[in-house]
Structures are given as C-alpha cells and as structure tokens.
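Visitor: Provided below: entry28.cif, containing mmCIF, C-alpha atoms.
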```cif
data_work
#
loop_
_atom_site.label_atom_id
_atom_site.label_comp_id
_atom_site.auth_asym_id
_atom_site.auth_seq_id
_atom_site.Cartn_x
_atom_site.Cartn_y
_atom_site.Cartn_z
CA MET A 1 146.25 99.96 63.07
CA ASP A 2 149.12 98.45 61.11
CA ARG A 3 152.81 98.47 62.05
CA VAL A 4 153.69 101.53 59.95
CA SER A 5 150.92 103.58 61.56
CA VAL A 6 151.98 102.47 65.03
CA ALA A 7 155.59 103.43 64.28
CA ILE A 8 154.58 106.89 63.05
CA TRP A 9 152.33 107.63 66.03
CA SER A 10 154.89 106.22 68.46
CA PHE A 11 157.47 108.65 67.07
CA TYR A 12 155.23 111.52 68.24
CA ARG A 13 154.00 109.99 71.51
CA GLU A 14 155.76 112.68 73.59
CA ASP A 15 153.97 115.50 71.73
CA PRO A 16 150.21 114.90 71.67
CA GLU A 17 149.57 118.03 69.58
CA LEU A 18 151.73 116.73 66.73
CA ALA A 19 150.18 113.28 67.05
CA ARG A 20 146.72 114.83 66.83
CA ARG A 21 147.69 116.55 63.57
CA LEU A 22 148.17 113.05 62.10
CA ASP A 23 144.46 112.22 62.55
CA PRO A 24 143.66 112.47 58.79
CA LEU A 25 145.81 109.34 58.36
CA LEU A 26 143.23 107.37 60.33
CA ALA A 27 140.86 107.63 57.34
CA ALA A 28 143.54 106.40 54.91
CA ARG A 29 144.97 102.95 54.31
CA LEU A 30 148.73 102.68 54.71
CA SER A 31 150.81 99.90 53.22
CA ARG A 32 154.51 99.44 52.69
CA GLY A 33 156.56 97.58 50.15
CA TRP A 34 159.71 97.92 48.03
CA GLY A 35 160.88 101.01 49.89
CA CYS A 36 157.59 102.82 49.34
CA LEU A 37 154.91 103.89 51.80
CA ARG A 38 151.57 103.89 49.97
CA ILE A 39 148.82 106.01 51.45
CA GLU A 40 145.44 105.36 49.86
CA CYS A 41 143.19 108.35 50.47
CA ARG A 42 139.39 108.48 50.19
CA ASP A 43 139.24 111.24 47.56
CA PRO A 44 141.35 114.08 46.08
CA ALA A 45 140.37 116.47 48.89
CA HIS A 46 141.53 113.97 51.51
CA ARG A 47 144.77 113.48 49.56
CA ALA A 48 145.36 117.26 49.67
CA VAL A 49 144.98 117.23 53.46
CA VAL A 50 147.32 114.25 53.82
CA SER A 51 149.92 115.88 51.57
CA GLY A 52 150.10 118.69 54.13
CA LEU A 53 151.30 116.09 56.64
CA LEU A 54 154.50 115.27 54.72
CA PRO A 55 156.71 117.34 57.06
CA LEU A 56 155.43 115.16 59.93
CA LEU A 57 155.74 111.88 58.04
CA ARG A 58 159.30 112.27 56.79
CA PRO A 59 161.18 112.29 60.14
CA PRO A 60 159.89 108.95 61.51
CA LEU A 61 160.14 107.23 58.13
CA ALA A 62 163.73 108.40 57.67
CA ALA A 63 164.78 107.72 61.26
CA LEU A 64 163.34 104.21 61.26
CA GLY A 65 164.33 103.43 57.66
CA LEU A 66 160.78 102.38 56.78
CA ALA A 67 160.58 103.88 53.29
CA ARG A 68 162.48 105.85 50.66
CA GLU A 69 159.40 107.41 49.09
CA ILE A 70 155.81 108.27 49.95
CA ARG A 71 153.12 107.62 47.35
CA LEU A 72 149.75 109.35 47.86
CA GLN A 73 146.91 107.76 45.94
CA ALA A 74 143.26 108.71 45.48
CA PRO A 75 140.55 107.22 43.24
CA GLY A 76 140.60 108.72 39.77
CA CYS A 77 143.90 110.60 40.28
CA GLU A 78 147.50 110.04 39.34
CA PRO A 79 149.62 109.10 42.38
CA LEU A 80 151.77 111.80 43.94
CA VAL A 81 155.27 110.58 44.81
CA PHE A 82 157.52 112.34 47.32
CA PRO A 83 161.01 111.39 48.55
CA VAL A 84 161.40 110.74 52.27
CA VAL A 85 164.85 112.35 52.39
CA VAL A 86 165.06 115.67 50.58
CA PRO A 87 168.61 116.81 49.70
CA PHE A 88 169.72 120.17 51.03
CA THR A 89 169.77 122.77 48.29
CA GLY A 90 173.01 124.09 49.78
CA ASP A 91 174.67 120.76 48.97
CA LEU A 92 173.62 121.07 45.35
CA LEU A 93 174.79 124.67 45.11
CA ALA A 94 178.22 123.81 46.55
CA TYR A 95 179.01 121.38 43.73
CA ASP A 96 181.95 122.74 41.77
CA GLY A 97 182.07 120.21 38.94
CA SER A 98 185.29 118.55 40.13
CA ILE A 99 183.70 115.12 40.64
CA GLY A 100 184.28 112.75 37.78
CA GLU A 101 187.45 114.31 36.44
#
```
Take the structure from the file and write it as structure tokens.

Guide:
Amino acid sequence: MDRVSVAIWSFYREDPELARRLDPLLAARLSRGWGCLRIECRDPAHRAVVSGLLPLLRPPLAALGLAREIRLQAPGCEPLVFPVVVPFTGDLLAYDGSIGE
C-alpha cells in the first residue's frame, strides 16, 4: 500500500465501517503528482464504483493537503476529473457583483 492509501485509511481508522467502504480502492492503483490524485481503475464498472467513494475521499485529501483534484481513469475511457474542495453554492449565490469595481 502506498503513502496516499495509508493516509486515506488512517483518516478513517476510528470508524471501521467507513474504512470498509473504501475496499474497492484496493483493486485500483493510486498515484499522486502535481496536485492530482490519479486512481487507475480496472474497467468502467470499477470506475463507477470508485466514483461513489468521492464523498469519503475528499475529507482526508483536503485535510492533509494531498491533492487539489481527483482523476479517475479506466482503460478505453476518458478520465473523470473532480475537485477535492467543492465551493458552497451559497457562496456563489451571495455574490452581488461588487467585486472588481
């Protein structure tokens, strides 16, 4: 298991049920570089399962500053790219246009 995987599982060490939900990552290869966590999945079906884990992956990556985006890859498919930190929609709705005047 590489350092990124250890960091993610360590984040959930107090809650074994959440850690168990991360098991599909064991069949993927994780690598990190240039602010991106790349997750290479076996096939498109595996990538779909792993994409359901994004709510569990974002907190440790953001808290530890390990990546700014998550890139899910599968053979024969375009990569799916997701931000680690998602802006609150309330922040975007509160913008009144006064910035930049």

Visitor: Do you have, as CSV, the list of residues of stretch 26-48 of chain A lying at most 10 Å from stretch 63-68 of chain A, each with its nearest atom pair and that distance in Å to one decimal, counting all atoms listed in the file and ordered by chain then number?

Guide:
```
residue,atom,partner,partner_atom,distance
A:Arg32,CA,A:Ala67,CA,7.5
A:Gly33,CA,A:Ala67,CA,8.1
A:Trp34,CA,A:Ala67,CA,8.0
A:Gly35,CA,A:Ala67,CA,4.5
A:Cys36,CA,A:Ala67,CA,5.1
A:Leu37,CA,A:Ala67,CA,5.9
A:Arg38,CA,A:Ala67,CA,9.6
```

Visitor: As a check of understanding, name the residues that the PyMOL selection byres ((chain A and resi 85) around 12) selects in the supplied structure, as a PyMOL selection string.

Guide: chain A and resi 54-55+57-63+65-70+82-84+86-88

Visitor: For stretch 25-38 of chain A, what centre and edge lengths in Å (one decimal) does the axis-aligned box get once 3 Å is added on each side of all its listed atoms, as JSON?

Guide:
```
{"center_x": 150.9, "center_y": 103.5, "center_z": 54.2, "size_x": 26.0, "size_y": 17.8, "size_z": 18.3}
```

Visitor: Can you list what the PyMOL selection byres ((chain A and resi 45) around 12) grabs from this structure, as a list in words?

Guide: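 Written out, the selection comes to Pro24, Cys41, Arg42, Asp43, Pro44, His46, Arg47, Ala48, Val49, Val50, Ser51, Gly52, Leu72, Gln73, Ala74, Pro75, Gly76 and Cys77 of chain A.
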
Visitor: Nearest residue to A:Ile39 out of A:Ala27, A:Leu56, A:Arg20, A:Asp15, using only C-alpha atoms?

Guide: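 When distances to A:Ile39 are compared using only C-alpha atoms, the smallest one comes from A:Ala27.
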
Visitor: Hey, can you check how far atom CA of A:Pro16 sits from atom CA of A:Ser31?

Guide: 23.8 Å

Visitor: Excluding same-chain residues fewer than 4 positions from A:Leu18, what lies within 12 Å of it counting only C-alpha atoms, as number ranges by chain?

Guide: A: 8-14, 22-23, 53, 55-57

Visitor: Would you output that residue set with C-alpha atoms, as a CSV table (one decimal), keeping the file's coordinate frame?

Guide:
```csv
chain,number,residue,atom,x,y,z
A,8,ILE,CA,154.6,106.9,63.0
A,9,TRP,CA,152.3,107.6,66.0
A,10,SER,CA,154.9,106.2,68.5
A,11,PHE,CA,157.5,108.6,67.1
A,12,TYR,CA,155.2,111.5,68.2
A,13,ARG,CA,154.0,110.0,71.5
A,14,GLU,CA,155.8,112.7,73.6
A,22,LEU,CA,148.2,113.0,62.1
A,23,ASP,CA,144.5,112.2,62.6
A,53,LEU,CA,151.3,116.1,56.6
A,55,PRO,CA,156.7,117.3,57.1
A,56,LEU,CA,155.4,115.2,59.9
A,57,LEU,CA,155.7,111.9,58.0
```

Visitor: So the first atom is atom CA of A:Glu78 and the second is atom CA of A:Ala19; what is the distance between them in Å, to one decimal place?

Guide: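 Computed distance, atom CA of A:Glu78 to atom CA of A:Ala19, equals 28.0 Å.
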
Visitor: Have a look at A:Ala28, A:Leu80, A:Ala7, A:Arg21 and name the one nearest to A:Glu40; count only C-alpha atoms.

Guide: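 Ranking A:Ala28, A:Leu80, A:Ala7, A:Arg21 by distance to A:Glu40, first place goes to A:Ala28.
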